[in-house]
Structures are given as C-alpha cells and as structure tokens.
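This is target_32.cif. It holds mmCIF, C-alpha atoms.
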```cif
data_work
#
loop_
_atom_site.label_atom_id
_atom_site.label_comp_id
_atom_site.auth_asym_id
_atom_site.auth_seq_id
_atom_site.Cartn_x
_atom_site.Cartn_y
_atom_site.Cartn_z
CA MET A 4 116.56 101.85 80.93
CA LYS A 5 115.59 98.86 83.08
CA GLN A 6 112.63 100.81 84.41
CA VAL A 7 111.42 101.78 80.92
CA LEU A 8 111.66 98.15 79.84
CA ALA A 9 109.67 97.05 82.88
CA LEU A 10 107.00 99.65 82.03
CA ILE A 11 106.86 98.61 78.37
CA LYS A 12 106.51 94.96 79.38
CA LYS A 13 103.72 95.87 81.80
CA ASP A 14 101.85 98.03 79.24
CA TRP A 15 102.20 95.31 76.62
CA LEU A 16 100.87 92.67 79.05
CA LEU A 17 97.93 94.94 79.88
CA LEU A 18 97.14 95.16 76.17
CA ILE A 19 97.47 91.41 75.61
CA ASN A 20 95.56 90.41 78.76
CA ASN A 21 92.64 92.61 77.79
CA PRO A 22 92.88 92.54 73.99
CA LYS A 23 89.44 93.92 73.13
CA ASP A 24 90.80 97.37 72.24
CA LEU A 25 93.63 95.98 70.14
CA ILE A 26 91.25 93.58 68.38
CA LEU A 27 88.75 96.39 67.79
CA HIS A 28 91.51 98.58 66.37
CA LEU A 29 92.77 95.88 63.99
CA LEU A 30 89.27 94.73 63.04
CA LEU A 31 88.12 98.25 62.25
CA SER A 32 91.31 98.86 60.26
CA PHE A 33 90.61 95.68 58.30
CA MET A 34 86.92 96.41 57.67
CA LEU A 35 87.37 100.05 56.72
CA THR A 36 90.25 99.20 54.40
CA VAL A 37 88.30 96.45 52.64
CA MET A 38 85.30 98.76 52.18
CA ILE A 39 87.53 101.51 50.79
CA ALA A 40 89.26 99.07 48.43
CA PHE A 41 85.91 97.91 47.03
CA GLY A 42 84.77 101.53 46.70
CA ILE A 43 87.87 102.50 44.75
CA ASN A 44 87.60 99.42 42.53
CA SER A 45 83.96 100.10 41.74
CA TYR A 46 83.96 103.83 41.11
CA ILE A 47 87.44 104.84 40.04
CA LEU A 48 88.53 103.34 36.78
CA ASP A 49 91.84 105.10 36.34
CA ARG A 50 94.24 102.55 37.82
CA ASN A 51 97.14 105.02 37.62
CA ILE A 52 95.91 106.90 40.66
CA TYR A 53 95.37 103.78 42.78
CA PRO A 54 98.73 104.09 44.60
CA GLU A 55 98.00 107.68 45.70
CA LEU A 56 94.45 106.82 46.70
CA SER A 57 95.52 103.78 48.66
CA LEU A 58 98.05 105.85 50.62
CA ILE A 59 95.57 108.61 51.39
CA PHE A 60 92.98 106.15 52.63
CA THR A 61 95.55 104.21 54.65
CA MET A 62 96.28 107.41 56.54
CA VAL A 63 92.57 108.16 57.04
CA VAL A 64 91.96 104.67 58.41
CA PHE A 65 95.03 105.05 60.64
CA VAL A 66 93.72 108.25 62.26
CA LEU A 67 90.18 106.94 62.68
CA THR A 68 91.08 103.58 64.20
CA GLY A 69 94.17 104.69 66.11
CA SER A 70 92.13 106.97 68.35
CA ILE A 71 90.52 103.87 69.91
CA LEU A 72 93.78 102.92 71.58
CA LEU A 73 95.12 106.33 72.50
CA SER A 74 94.21 106.71 76.14
CA LYS A 75 93.63 103.08 77.08
CA ASN A 76 96.98 102.38 78.73
CA LEU A 77 96.74 105.57 80.76
CA GLU A 78 93.29 104.55 82.00
CA ALA A 79 94.90 101.45 83.55
CA GLU A 80 97.18 103.70 85.64
CA ILE A 81 94.26 105.75 86.88
CA GLU A 82 91.64 103.01 87.38
CA GLN A 83 93.04 101.75 90.70
CA GLY A 84 95.43 104.58 91.52
CA SER A 85 98.62 102.80 90.36
CA LEU A 86 99.90 106.22 89.36
CA ASN A 87 100.07 107.07 93.09
CA ASN A 88 102.92 104.56 93.49
CA PHE A 89 105.00 106.54 91.00
CA ILE A 90 104.13 109.96 92.44
CA VAL A 91 104.72 108.96 96.07
CA ARG A 92 108.06 107.33 95.19
CA LYS A 93 109.03 110.44 93.17
CA VAL A 94 109.52 108.43 89.99
CA ASP A 95 110.32 110.50 86.91
CA LEU A 96 106.98 110.37 85.08
CA SER A 97 108.66 110.91 81.73
CA LEU A 98 109.63 107.22 81.96
CA LEU A 99 105.94 106.45 82.00
CA TYR A 100 105.49 108.67 78.96
CA LEU A 101 108.26 106.94 77.03
CA SER A 102 106.85 103.48 77.68
CA LYS A 103 103.37 104.54 76.62
CA VAL A 104 104.67 106.19 73.44
CA ILE A 105 106.53 103.01 72.51
CA VAL A 106 103.56 100.71 73.18
CA ASN A 107 101.16 103.06 71.35
CA PHE A 108 103.65 103.25 68.49
CA LEU A 109 103.88 99.47 68.18
CA THR A 110 100.13 98.95 68.20
CA LEU A 111 99.35 101.86 65.88
CA THR A 112 102.01 100.69 63.44
CA LEU A 113 100.42 97.23 63.40
CA GLY A 114 97.12 98.79 62.26
CA LEU A 115 98.85 101.03 59.74
CA LEU A 116 100.76 98.15 58.16
CA LEU A 117 97.64 95.99 58.10
CA SER A 118 95.66 98.65 56.20
CA PHE A 119 98.54 99.21 53.84
CA LEU A 120 98.94 95.52 53.14
CA ILE A 121 95.23 94.96 52.51
CA LEU A 122 94.95 97.91 50.13
CA SER A 123 98.06 96.82 48.25
CA LEU A 124 96.62 93.31 47.83
CA LEU A 125 93.07 94.27 46.93
CA LEU A 126 94.04 97.06 44.53
CA SER A 127 97.01 95.12 43.11
CA VAL A 128 99.32 98.04 43.85
CA THR A 129 102.96 97.15 44.40
CA PHE A 130 105.44 99.33 46.18
CA ILE A 131 108.24 96.80 46.19
CA ASN A 132 110.86 99.21 44.84
CA GLN A 133 110.12 101.88 47.43
CA ALA A 134 109.09 99.59 50.28
CA HIS A 135 111.92 100.53 52.63
CA PHE A 136 111.33 104.27 52.19
CA LEU A 137 107.58 103.83 52.58
CA LEU A 138 108.18 101.88 55.77
CA LEU A 139 110.45 104.65 57.08
CA ILE A 140 107.79 107.30 56.38
CA ALA A 141 105.08 105.14 57.97
CA LEU A 142 107.20 104.63 61.10
CA LEU A 143 107.95 108.33 61.41
CA VAL A 144 104.28 109.28 60.99
CA SER A 145 103.21 106.64 63.47
CA PHE A 146 105.82 107.65 66.06
CA ALA A 147 105.01 111.37 65.87
CA TYR A 148 101.30 110.56 66.18
CA SER A 149 102.00 108.35 69.23
CA ALA A 150 104.23 110.96 70.88
CA LEU A 151 101.59 113.65 70.44
CA SER A 152 98.52 111.60 71.29
CA THR A 153 100.13 110.13 74.45
CA LEU A 154 100.80 113.64 75.75
CA LEU A 155 97.33 114.88 74.82
CA SER A 156 95.62 111.91 76.45
CA ALA A 157 97.39 112.85 79.72
CA LEU A 158 96.32 116.47 79.33
CA THR A 159 92.70 115.51 78.87
CA CYS A 160 92.46 112.49 81.19
CA GLY A 161 91.10 114.47 84.13
CA SER A 162 88.31 116.03 82.09
CA LYS A 163 84.73 114.80 81.88
CA TYR A 164 84.84 115.85 78.25
CA GLN A 165 87.91 113.81 77.31
CA ALA A 166 86.12 112.07 74.45
CA LEU A 167 85.47 115.51 72.91
CA LEU A 168 88.61 117.35 73.98
CA LEU A 169 91.12 114.78 72.79
CA PRO A 170 90.15 114.79 69.09
CA LEU A 171 89.65 118.58 69.17
CA LEU A 172 93.21 119.09 70.35
CA LEU A 173 94.63 116.23 68.33
CA ILE A 174 93.30 117.00 64.85
CA PRO A 175 94.98 120.40 64.27
CA LEU A 176 98.27 119.24 65.76
CA VAL A 177 98.28 115.96 63.86
CA PHE A 178 97.58 117.65 60.54
CA PRO A 179 101.22 118.66 59.78
CA ILE A 180 102.40 115.11 60.50
CA PHE A 181 100.08 113.62 57.91
CA PHE A 182 100.61 116.39 55.42
CA ALA A 183 104.36 115.81 55.55
CA GLY A 184 103.80 112.03 55.32
CA MET A 185 101.52 112.38 52.28
CA GLU A 186 103.84 114.76 50.45
CA LEU A 187 106.76 112.42 50.96
CA THR A 188 104.90 109.34 49.77
CA PHE A 189 103.43 111.10 46.72
CA ASN A 190 106.86 112.32 45.78
CA LEU A 191 108.19 108.82 46.19
CA ILE A 192 105.51 107.19 44.06
CA LEU A 193 105.03 109.83 41.36
CA ASN A 194 108.65 110.91 40.93
CA GLN A 195 110.33 107.75 42.19
CA GLU A 196 112.59 109.80 44.39
CA PHE A 197 113.32 110.10 48.05
CA SER A 198 115.81 112.41 49.66
CA PHE A 199 116.78 112.75 53.28
CA LEU A 200 117.32 116.44 52.54
CA ASN A 201 113.74 116.93 51.37
CA ASN A 202 111.95 119.71 53.30
CA TRP A 203 109.00 117.47 54.13
CA PHE A 204 111.30 114.81 55.52
CA THR A 205 113.03 117.45 57.63
CA LEU A 206 109.65 118.67 58.86
CA LEU A 207 108.54 115.14 59.75
CA CYS A 208 111.74 114.48 61.70
CA PHE A 209 111.42 117.85 63.41
CA LEU A 210 107.83 117.10 64.46
CA ASN A 211 108.93 113.73 65.86
CA ILE A 212 111.58 115.41 67.97
CA LEU A 213 109.35 118.33 68.94
CA TYR A 214 106.44 116.20 70.14
CA LEU A 215 108.74 113.78 71.95
CA VAL A 216 110.63 116.56 73.76
CA LEU A 217 107.35 118.32 74.62
CA GLY A 218 105.93 115.04 75.90
CA ILE A 219 108.95 114.21 78.06
CA ASN A 220 108.89 117.67 79.62
CA LEU A 221 105.15 118.20 79.99
CA TYR A 222 103.79 114.73 80.74
CA SER A 223 104.46 114.89 84.46
CA ALA A 224 102.81 118.31 84.83
CA ALA A 225 99.88 117.18 82.66
CA LEU A 226 99.24 114.11 84.81
CA LYS A 227 99.61 115.90 88.13
CA SER A 228 97.29 118.68 87.07
CA MET B 20 114.97 115.51 121.06
CA THR B 21 113.34 113.00 118.69
CA GLU B 22 114.24 113.30 115.02
CA GLN B 23 111.32 114.26 112.78
CA LEU B 24 110.60 112.67 109.40
CA ILE B 25 107.96 115.27 108.58
CA HIS B 26 107.09 118.49 110.37
CA CYS B 27 103.90 120.36 109.42
CA ARG B 28 103.27 123.91 110.57
CA ASN B 29 99.86 125.56 110.12
CA LEU B 30 99.18 123.18 107.27
CA GLY B 31 96.07 123.96 105.28
CA TYR B 32 94.34 122.49 102.28
CA GLN B 33 91.31 123.82 100.49
CA ILE B 34 89.43 123.24 97.27
CA ASP B 35 88.02 126.49 95.88
CA GLN B 36 86.59 128.18 98.99
CA HIS B 37 86.02 124.94 100.89
CA LYS B 38 88.58 124.46 103.66
CA ILE B 39 89.32 120.80 104.29
CA LEU B 40 92.40 121.10 106.52
CA ASN B 41 93.04 124.14 108.63
CA ASN B 42 96.11 125.05 110.70
CA ILE B 43 97.37 121.52 111.26
CA ASN B 44 100.51 121.30 113.38
CA TYR B 45 101.85 117.81 113.21
CA GLU B 46 105.13 115.99 113.68
CA ILE B 47 106.02 112.53 112.48
CA PRO B 48 108.93 111.29 114.58
CA VAL B 49 111.34 108.64 113.33
CA GLY B 50 110.45 105.14 114.48
CA LYS B 51 107.01 105.92 115.90
CA PHE B 52 103.64 104.39 115.13
CA GLN B 53 100.81 106.90 114.98
CA ILE B 54 97.09 106.36 114.59
CA ILE B 55 94.76 109.03 113.28
CA LEU B 56 91.13 108.92 114.31
CA GLY B 57 88.23 111.10 113.31
CA ALA B 58 84.69 111.19 112.02
CA ASN B 59 83.91 110.54 108.37
CA GLY B 60 84.61 113.49 106.10
CA VAL B 61 86.85 115.56 108.38
CA GLY B 62 89.86 115.28 106.06
CA LYS B 63 91.91 112.34 107.37
CA THR B 64 92.53 110.93 103.89
CA THR B 65 93.34 114.41 102.57
CA LEU B 66 95.90 114.87 105.34
CA LEU B 67 97.59 111.57 104.45
CA LYS B 68 97.59 112.47 100.76
CA VAL B 69 99.27 115.79 101.51
CA LEU B 70 101.88 113.99 103.64
CA ALA B 71 102.46 111.44 100.86
CA GLY B 72 102.88 114.18 98.25
CA LEU B 73 99.77 113.27 96.29
CA LEU B 74 98.12 116.61 97.07
CA THR B 75 99.81 119.98 97.38
CA LYS B 76 99.11 122.02 100.51
CA THR B 77 97.45 125.36 99.96
CA SER B 78 98.90 127.01 103.08
CA GLY B 79 101.45 126.44 105.82
CA GLN B 80 104.72 124.57 105.71
CA VAL B 81 105.70 120.94 105.37
CA GLU B 82 109.32 120.09 106.07
CA LYS B 83 110.44 116.63 105.04
CA GLN B 84 113.66 114.85 105.84
CA THR B 85 115.78 114.51 102.72
CA ASP B 86 116.08 110.73 103.01
CA LEU B 87 112.33 110.27 103.38
CA VAL B 88 111.02 107.33 101.33
CA THR B 89 107.29 106.76 101.59
CA SER B 90 105.08 103.78 100.94
CA TYR B 91 101.46 104.82 100.69
CA LEU B 92 98.31 102.73 100.42
CA GLY B 93 95.03 104.56 100.04
CA HIS B 94 91.53 103.28 99.37
CA GLN B 95 92.42 101.92 95.93
CA SER B 96 94.60 98.86 95.32
CA GLN B 97 97.19 100.87 93.31
CA LEU B 98 97.71 97.79 91.16
CA TYR B 99 96.73 96.78 87.64
CA MET B 100 93.37 95.05 87.34
CA ASP B 101 94.17 93.44 83.98
CA LEU B 102 97.44 91.89 85.15
CA SER B 103 97.58 88.69 87.15
CA VAL B 104 98.73 88.64 90.78
CA ARG B 105 102.16 87.37 89.72
CA GLN B 106 102.46 89.81 86.81
CA ASN B 107 101.74 92.68 89.21
CA LEU B 108 104.40 91.45 91.62
CA ASN B 109 106.88 90.94 88.79
CA PHE B 110 106.33 94.49 87.59
CA ILE B 111 106.70 96.01 91.08
CA SER B 112 109.81 93.92 91.65
CA GLU B 113 111.40 94.88 88.31
CA PHE B 114 110.45 98.55 88.34
CA PHE B 115 111.19 99.37 91.98
CA GLU B 116 114.09 96.89 92.11
CA ILE B 117 112.73 94.98 95.10
CA THR B 118 113.53 91.32 95.56
CA PHE B 119 110.34 89.52 96.55
CA LYS B 120 110.22 85.98 97.80
CA GLN B 121 106.98 85.78 95.85
CA ASP B 122 105.74 82.31 96.71
CA GLU B 123 106.54 82.72 100.37
CA LEU B 124 104.74 86.05 100.57
CA LEU B 125 101.76 84.86 98.57
CA ARG B 126 101.45 81.83 100.84
CA LYS B 127 101.63 84.02 103.91
CA TRP B 128 98.87 86.31 102.62
CA GLY B 129 96.77 83.35 101.43
CA LEU B 130 97.07 84.23 97.75
CA LEU B 131 99.26 81.48 96.31
CA ASP B 132 96.33 79.70 94.64
CA GLN B 133 95.29 82.99 93.03
CA ALA B 134 98.77 83.80 91.64
CA LYS B 135 97.69 83.31 88.03
CA LEU B 136 94.35 85.10 88.38
CA ARG B 137 93.81 88.57 87.05
CA LEU B 138 93.04 91.11 89.77
CA ARG B 139 89.63 91.71 88.22
CA HIS B 140 88.74 88.17 89.30
CA LEU B 141 89.80 88.53 92.93
CA SER B 142 87.44 89.32 95.78
CA GLN B 143 87.71 92.71 97.52
CA GLY B 144 89.37 91.02 100.49
CA GLN B 145 91.95 89.25 98.32
CA LEU B 146 92.65 92.48 96.47
CA LYS B 147 93.22 94.24 99.78
CA ARG B 148 95.60 91.49 100.92
CA LEU B 149 97.62 91.84 97.73
CA SER B 150 97.79 95.64 97.91
CA LEU B 151 98.90 95.41 101.55
CA LEU B 152 101.52 92.82 100.61
CA VAL B 153 102.94 95.21 98.01
CA ALA B 154 102.72 98.35 100.18
CA LEU B 155 104.40 96.67 103.15
CA GLU B 156 107.17 95.06 101.07
CA MET B 157 108.15 98.37 99.47
CA LYS B 158 111.39 99.65 100.96
CA ALA B 159 110.51 102.81 102.89
CA ASN B 160 111.05 104.62 106.15
CA LEU B 161 107.49 105.95 106.32
CA TYR B 162 104.46 103.73 105.76
CA ILE B 163 101.14 105.52 105.38
CA LEU B 164 98.09 103.27 105.38
CA ASP B 165 94.56 104.59 105.01
CA GLU B 166 92.07 102.20 106.65
CA PRO B 167 94.23 99.15 105.87
CA SER B 168 91.95 96.64 107.54
CA SER B 169 88.82 97.46 105.53
CA ASN B 170 87.55 94.43 103.56
CA LEU B 171 89.86 92.06 105.47
CA ASP B 172 88.54 89.02 107.29
CA ARG B 173 89.61 88.15 110.84
CA LEU B 174 92.70 86.23 109.68
CA GLY B 175 93.68 89.06 107.36
CA LYS B 176 93.36 91.58 110.17
CA ASP B 177 95.55 89.45 112.43
CA LEU B 178 98.15 89.09 109.69
CA LEU B 179 98.15 92.83 109.10
CA ALA B 180 98.62 93.47 112.82
CA GLN B 181 101.59 91.05 112.80
CA GLU B 182 103.14 92.81 109.82
CA ILE B 183 102.68 96.22 111.43
CA ALA B 184 104.28 94.88 114.62
CA ARG B 185 107.21 93.59 112.55
CA LEU B 186 107.74 96.99 110.90
CA ASN B 187 107.23 98.79 114.20
CA LYS B 188 110.19 96.93 115.72
CA ASN B 189 112.51 98.73 113.31
CA PRO B 190 113.58 101.98 115.00
CA ASN B 191 114.09 103.71 111.64
CA ILE B 192 110.57 103.08 110.38
CA SER B 193 107.55 105.29 111.09
CA LEU B 194 103.96 104.26 110.51
CA ILE B 195 100.78 106.29 110.20
CA ILE B 196 97.43 104.56 110.03
CA ILE B 197 93.89 105.81 109.75
CA THR B 198 91.47 103.44 111.37
CA HIS B 199 88.05 103.37 112.96
CA GLU B 200 88.83 100.22 114.94
CA LEU B 201 91.28 101.30 117.58
CA GLY B 202 91.51 97.92 119.29
CA GLU B 203 93.39 96.29 116.42
CA TYR B 204 96.55 98.36 116.82
CA PHE B 205 96.20 100.03 120.22
CA GLU B 206 98.88 97.89 121.87
CA LEU B 207 101.40 98.89 119.21
CA ALA B 208 100.57 102.59 118.86
CA ASP B 209 102.94 105.22 120.23
CA GLN B 210 100.66 108.19 119.60
CA ILE B 211 97.00 108.65 118.73
CA TYR B 212 95.65 111.80 117.11
CA TYR B 213 92.10 112.97 116.69
CA LEU B 214 91.16 115.09 113.70
CA SER B 215 87.97 117.14 113.68
CA ALA B 216 86.74 119.93 111.46
CA ASP B 217 88.39 122.59 113.63
CA SER B 218 91.26 120.88 115.44
CA PHE B 219 93.95 118.24 115.30
CA GLN B 220 94.99 117.03 118.72
CA MET B 221 97.03 114.26 120.27
CA ILE B 222 94.79 112.26 122.57
CA TYR B 223 97.28 109.59 123.61
CA ASN B 224 101.04 109.47 123.92
CA LYS B 225 102.45 106.20 125.20
CA SER B 226 105.71 107.81 126.34
CA ALA B 227 103.73 110.13 128.65
CA GLY B 228 102.09 107.14 130.35
CA PHE B 229 100.19 104.07 129.26
CA GLN B 230 96.42 104.19 129.36
CA GLU B 231 93.82 101.46 128.97
CA LEU B 232 92.15 100.98 125.60
CA SER B 233 88.73 101.50 127.20
CA VAL B 234 89.76 104.96 128.42
CA ILE B 235 90.94 106.06 124.98
CA ASN B 236 87.89 104.49 123.33
CA ASN B 237 85.59 106.44 125.64
CA LEU B 238 87.49 109.63 124.98
CA TYR B 239 87.24 108.98 121.23
CA LEU B 240 83.49 108.37 121.46
CA ASN B 241 82.99 111.55 123.47
CA LEU B 242 84.97 113.54 120.94
CA LEU B 243 82.92 112.06 118.09
CA ARG B 244 79.67 112.92 119.87
CA SER B 245 80.77 116.44 120.65
#
```

Show me this structure written as structure tokens.
Amino acid sequence: MKQVLALIKKDWLLLINNPKDLILHLLLSFMLTVMIAFGINSYILDRNIYPELSLIFTMVVFVLTGSILLSKNLEAEIEQGSLNNFIVRKVDLSLLYLSKVIVNFLTLTLGLLLSFLILSLLLSVTFINQAHFLLLIALLVSFAYSALSTLLSALTCGSKYQALLLPLLLIPLVFPIFFAGMELTFNLILNQEFSFLNNWFTLLCFLNILYLVLGINLYSAALKS
Amino acid sequence: MTEQLIHCRNLGYQIDQHKILNNINYEIPVGKFQIILGANGVGKTTLLKVLAGLLTKTSGQVEKQTDLVTSYLGHQSQLYMDLSVRQNLNFISEFFEITFKQDELLRKWGLLDQAKLRLRHLSQGQLKRLSLLVALEMKANLYILDEPSSNLDRLGKDLLAQEIARLNKNPNISLIIITHELGEYFELADQIYYLSADSFQMIYNKSAGFQELSVINNLYLNLLRS
C-alpha cells in the first residue's frame, strides 16, 4: 500500500510539474463543450431532449480529450529508463499499473465533470435529483476507461505506430463501457429510476472488474514485451 | 572455493539472426570488483543487461543466488526528468524504503544548490552525479555500472572512485563496471575481463599476482588492435 501511495504521489507530481497535458485536456474539454452547447442551443429547439443530448456529448468530449492523457505518465517511466529500477529490483509491476489507473482516473474524471458542469449551466439542465446516481455512473465509466486505456497504452508503448494502434484497440473495447453508461443515464433521466440490479449497471461493474483484473495480470508482460 | 553470486554457462543473446553474445562463461564471485573492457559494439552493455535481468538470454544458463539484490545503472539516468532532485530522492526513498541523509549526500555530490531544480534543467554531468548517488545508495549486494564516469568532471570521477572503494571494502558486495578508462579503478579491481565479438576472457586476476597498470593497458590495446 505504501508503495502504491508513493507511486501515485510521484505520478501526480509529474502531472503537476509538467501541466501542459492536463491543461490541454481541460481546455479542450471546456472549448468543445462550449461549442456543443451553442450548437444545441442554436439548432435544436426541443428543450425536452437537452438532458439526453448533453449527456451524449459529455461522453463524446470525454473520449476525445481523455486520449491526450492516456500514455503520458508511462512515457515518463520510459524516457530515462526509470522502469529499469523496477524490473531490476523485481518490483511487482502491477503496483505501477494501479497507480497509473488511479492518476488517470482522477484526471479523466476532472475533465468529465468539467464538461458535464458546463453543459448543465449553458443548457440550463438540472440533474439535482439524480446527481448522486449520475456521479456514480460517471465514476464507473471513468474508472473502466482508465483501467482499459492504461493497459492498452503499455501494450502499444513499444510500437512506432502507438498513435494509431492505441485508438484502434481502444475504441471497440471502450464501446461497451459507454453504451452501458448511456443506457443507465437515459433510464435515470427519462424514467427517473435507478436500480443496482439493472443489467446495464451489472455490465458496467463487470467491465470495471474485468479490465482491472486483466490490467493487473497483463501489465507486467505488456511492459516487458 | 569462492561463493558465486551469478554463474553464466554458454550464455548467448541474439536479436533475430544477429548474435550479440555467444558462449559466454562468466562467474561473479561474492565481494569482488570486476571490470569489463572491450571495443564499442561488442555487447558489453547487452551482457550487463542480461545479468541485471533487463534482457532475457536466448541460450545457455544463468544461475543466480537466491538472495541476489542488484542495483543497476545504465546509460540513462533512470530518474524522472519532470521531478526535482529532491522529489526524485523522496520517491526513491519512499518506494524502496531507503533512508537517505539527503542533504549530506547532495552536498557530497555537489548537488545541494540544485535540490529544487527539475532534472530537465540539470547539466549532463549533474544528472550523472544524481543517478550515481541513487544507484550507489540503493541497498544491494551486486552493483552493475555501465560507463559510470562518462560525463563526470575530474572531481566527480574522484568522488565516484571513492564511493566504489567504500563499497569494495564490504566483503558481501560485488561490483561490475564497464569502462574505457582503466586507470580510474585499476588499483581497486580484482579481475579484469575483455569482451570481443568471439570471446570473453579474463586478462587480469589480482589474486594470481599483481601486475602494473601499464602492462594491462598494453595488453588491452593489443587486444583492441587485433
């Protein structure tokens, strides 16, 4: 546990010391969301569908801008061979995976919440009644995305074609996460109901566990390869 | 008989069809200081990486003692360029549970004034000093250093030689160094090996009789020329 905390602190410091990627992520989230909000306001007059639209576009912005941050903290391990310290000392590399998932999760969630907040304000959509459930869904989507993308960034980090390979692998695998997230939020907004026994909620939880377990078990092999 | 930390038999390493190491027989005894010499590109770094566990041999056997703990420093700093000197030391200390006397060490290596600087803003020499500080403070019984004196100024080289002498006094610690400047560590070395494209041979063994540096240097030059 102490080691994971030390890794999280280090990854967070790396992000803060060189904040250009985090700033770019948040700035792009902000700009894209504002543009989308103006687009919806100008061309779609039926205000009843604003909540659904705002959620769909929040997710789209999340995927587009989140990919900026995906492999950045792994690059820091490779740039000057810091990874060698862990391999030579036979450190369990799944600790490295866990810390990167947590840091990616925190930063991606920041962008997701920012987009959500801006769309809610600009489109005057309120989700006060369902806020806690929406937050839970957002956190689960964000965590599954982080768990998957952290593993895939390790799988592709040795390739010259990482910029191409990563989204190619990521998009089909990320699709069920977002589909489950969308279905849950629509159900919440349209029918005002949320159940922990809902199939989509079960699927989302299952994907979180699946990607995390896969990541913990495969990360070391992916990095060494 | 001397206890071995690592014992390699017919060790080989190749990438695709290109053989880099071939039939290396090599022993790393406990408490000895070995130097590896050789021309550029013969596979010295690859050999050290195989010994450190960073590369996997493609043939032969490598037997390692179960209590082997290695500290390895290659050509890269193995630190984080976007963390400051102190943040790097804090991380190493917290993660590997090593108690550093940070200020004392930084003063010794001439880096105290740079403690708050990010590594990206250090010179190559300062970066090398810091990576050596970390590699040599790691608790280990085998220290593997690949050209540790590159980028160091005269004072840095002297300091490194002192640190190596300090470690070498410990009978449980083994050291392996690749260098092209034999004079810096000759007095301390127990064994000197020469690696070429087709052989790996011991050219000096202090326990078999001391020889002058000039003799070994001449032998090394002749081997390089041949």

Nearby residues (only C-alpha atoms) at most 12 Å from Asp177 in chain B, same-chain spacing under 3 positions excluded, as a ChimeraX atom specification: /B:127-128,148,167-168,171-174,180-184,202-204

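For chain A, the residues having at least one atom no farther than 6 Å from chain B, when counting all atoms listed in the file, are A:Gln6, A:Ala9, A:Leu17, A:Gln83, A:Gly84, A:Ser85, A:Val91.
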
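A straight line drawn from CA of Lys12 in chain A to CA of Ser142 in chain B is 25.8 Å long.
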
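The residues returned by the PyMOL selection byres ((chain B and resi 212-223) around 6) for this structure are B:Ile55, B:Leu56, B:Gly57, B:Val61, B:Gln210, B:Ile211, B:Asn224.
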
Counting all atoms listed in the file, note down every residue that has an atom within 9 Å of the point (98.8, 104.3, 55.4) (file coordinates), as a PyMOL selection string. chain A and resi 57-65+114-119+141

Might you spell out which residues the PyMOL selection byres ((chain A and resi 51) around 12) would select in the displayed file, as an NGL selection string? :A and (43 or 47-50 or 52-57 or 126-129 or 192-193)

Export of prior selection with C-alpha atoms as a compact mmCIF listing (two decimals), in the frame of the given file:
```txt
# COMPACT_ATOMS: atom_id res chain seq x y z
CA ILE A 43 87.87 102.50 44.75
CA ILE A 47 87.44 104.84 40.04
CA LEU A 48 88.53 103.34 36.78
CA ASP A 49 91.84 105.10 36.34
CA ARG A 50 94.24 102.55 37.82
CA ILE A 52 95.91 106.90 40.66
CA TYR A 53 95.37 103.78 42.78
CA PRO A 54 98.73 104.09 44.60
CA GLU A 55 98.00 107.68 45.70
CA LEU A 56 94.45 106.82 46.70
CA SER A 57 95.52 103.78 48.66
CA LEU A 126 94.04 97.06 44.53
CA SER A 127 97.01 95.12 43.11
CA VAL A 128 99.32 98.04 43.85
CA THR A 129 102.96 97.15 44.40
CA ILE A 192 105.51 107.19 44.06
CA LEU A 193 105.03 109.83 41.36
```

Hey, could you patch up range 93-105 of chain A with N, CA, C and O atoms and hand it over as an mmCIF file, in the coordinates of the input?
```cif
data_model
loop_
_atom_site.group_PDB
_atom_site.id
_atom_site.type_symbol
_atom_site.label_atom_id
_atom_site.label_comp_id
_atom_site.auth_asym_id
_atom_site.auth_seq_id
_atom_site.Cartn_x
_atom_site.Cartn_y
_atom_site.Cartn_z
ATOM 1 N N LYS A 93 108.314 109.391 93.923
ATOM 2 C CA LYS A 93 109.030 110.440 93.170
ATOM 3 C C LYS A 93 109.709 109.886 91.910
ATOM 4 O O LYS A 93 110.839 110.269 91.563
ATOM 5 N N VAL A 94 109.002 108.987 91.239
ATOM 6 C CA VAL A 94 109.520 108.430 89.990
ATOM 7 C C VAL A 94 109.394 109.489 88.893
ATOM 8 O O VAL A 94 108.405 110.229 88.860
ATOM 9 N N ASP A 95 110.376 109.566 88.031
ATOM 10 C CA ASP A 95 110.320 110.500 86.910
ATOM 11 C C ASP A 95 109.208 110.027 85.958
ATOM 12 O O ASP A 95 109.331 108.979 85.314
ATOM 13 N N LEU A 96 108.138 110.827 85.864
ATOM 14 C CA LEU A 96 106.980 110.370 85.080
ATOM 15 C C LEU A 96 107.245 110.377 83.579
ATOM 16 O O LEU A 96 106.446 109.829 82.816
ATOM 17 N N SER A 97 108.361 110.969 83.163
ATOM 18 C CA SER A 97 108.660 110.910 81.730
ATOM 19 C C SER A 97 109.005 109.468 81.309
ATOM 20 O O SER A 97 108.861 109.114 80.139
ATOM 21 N N LEU A 98 109.408 108.642 82.277
ATOM 22 C CA LEU A 98 109.630 107.220 81.960
ATOM 23 C C LEU A 98 108.316 106.563 81.560
ATOM 24 O O LEU A 98 108.248 105.746 80.638
ATOM 25 N N LEU A 99 107.281 106.962 82.275
ATOM 26 C CA LEU A 99 105.940 106.450 82.000
ATOM 27 C C LEU A 99 105.508 106.874 80.589
ATOM 28 O O LEU A 99 104.931 106.100 79.831
ATOM 29 N N TYR A 100 105.829 108.130 80.280
ATOM 30 C CA TYR A 100 105.490 108.670 78.960
ATOM 31 C C TYR A 100 106.197 107.874 77.866
ATOM 32 O O TYR A 100 105.560 107.454 76.892
ATOM 33 N N LEU A 101 107.490 107.648 78.055
ATOM 34 C CA LEU A 101 108.260 106.940 77.030
ATOM 35 C C LEU A 101 107.701 105.549 76.776
ATOM 36 O O LEU A 101 107.555 105.119 75.629
ATOM 37 N N SER A 102 107.367 104.848 77.861
ATOM 38 C CA SER A 102 106.850 103.480 77.680
ATOM 39 C C SER A 102 105.511 103.509 76.941
ATOM 40 O O SER A 102 105.256 102.678 76.079
ATOM 41 N N LYS A 103 104.683 104.491 77.264
ATOM 42 C CA LYS A 103 103.370 104.540 76.620
ATOM 43 C C LYS A 103 103.489 104.934 75.141
ATOM 44 O O LYS A 103 102.754 104.436 74.295
ATOM 45 N N VAL A 104 104.441 105.818 74.853
ATOM 46 C CA VAL A 104 104.670 106.190 73.440
ATOM 47 C C VAL A 104 105.100 104.948 72.666
ATOM 48 O O VAL A 104 104.598 104.681 71.571
ATOM 49 N N ILE A 105 105.996 104.181 73.236
ATOM 50 C CA ILE A 105 106.530 103.010 72.510
ATOM 51 C C ILE A 105 105.428 101.960 72.298
ATOM 52 O O ILE A 105 105.275 101.430 71.194
#
```
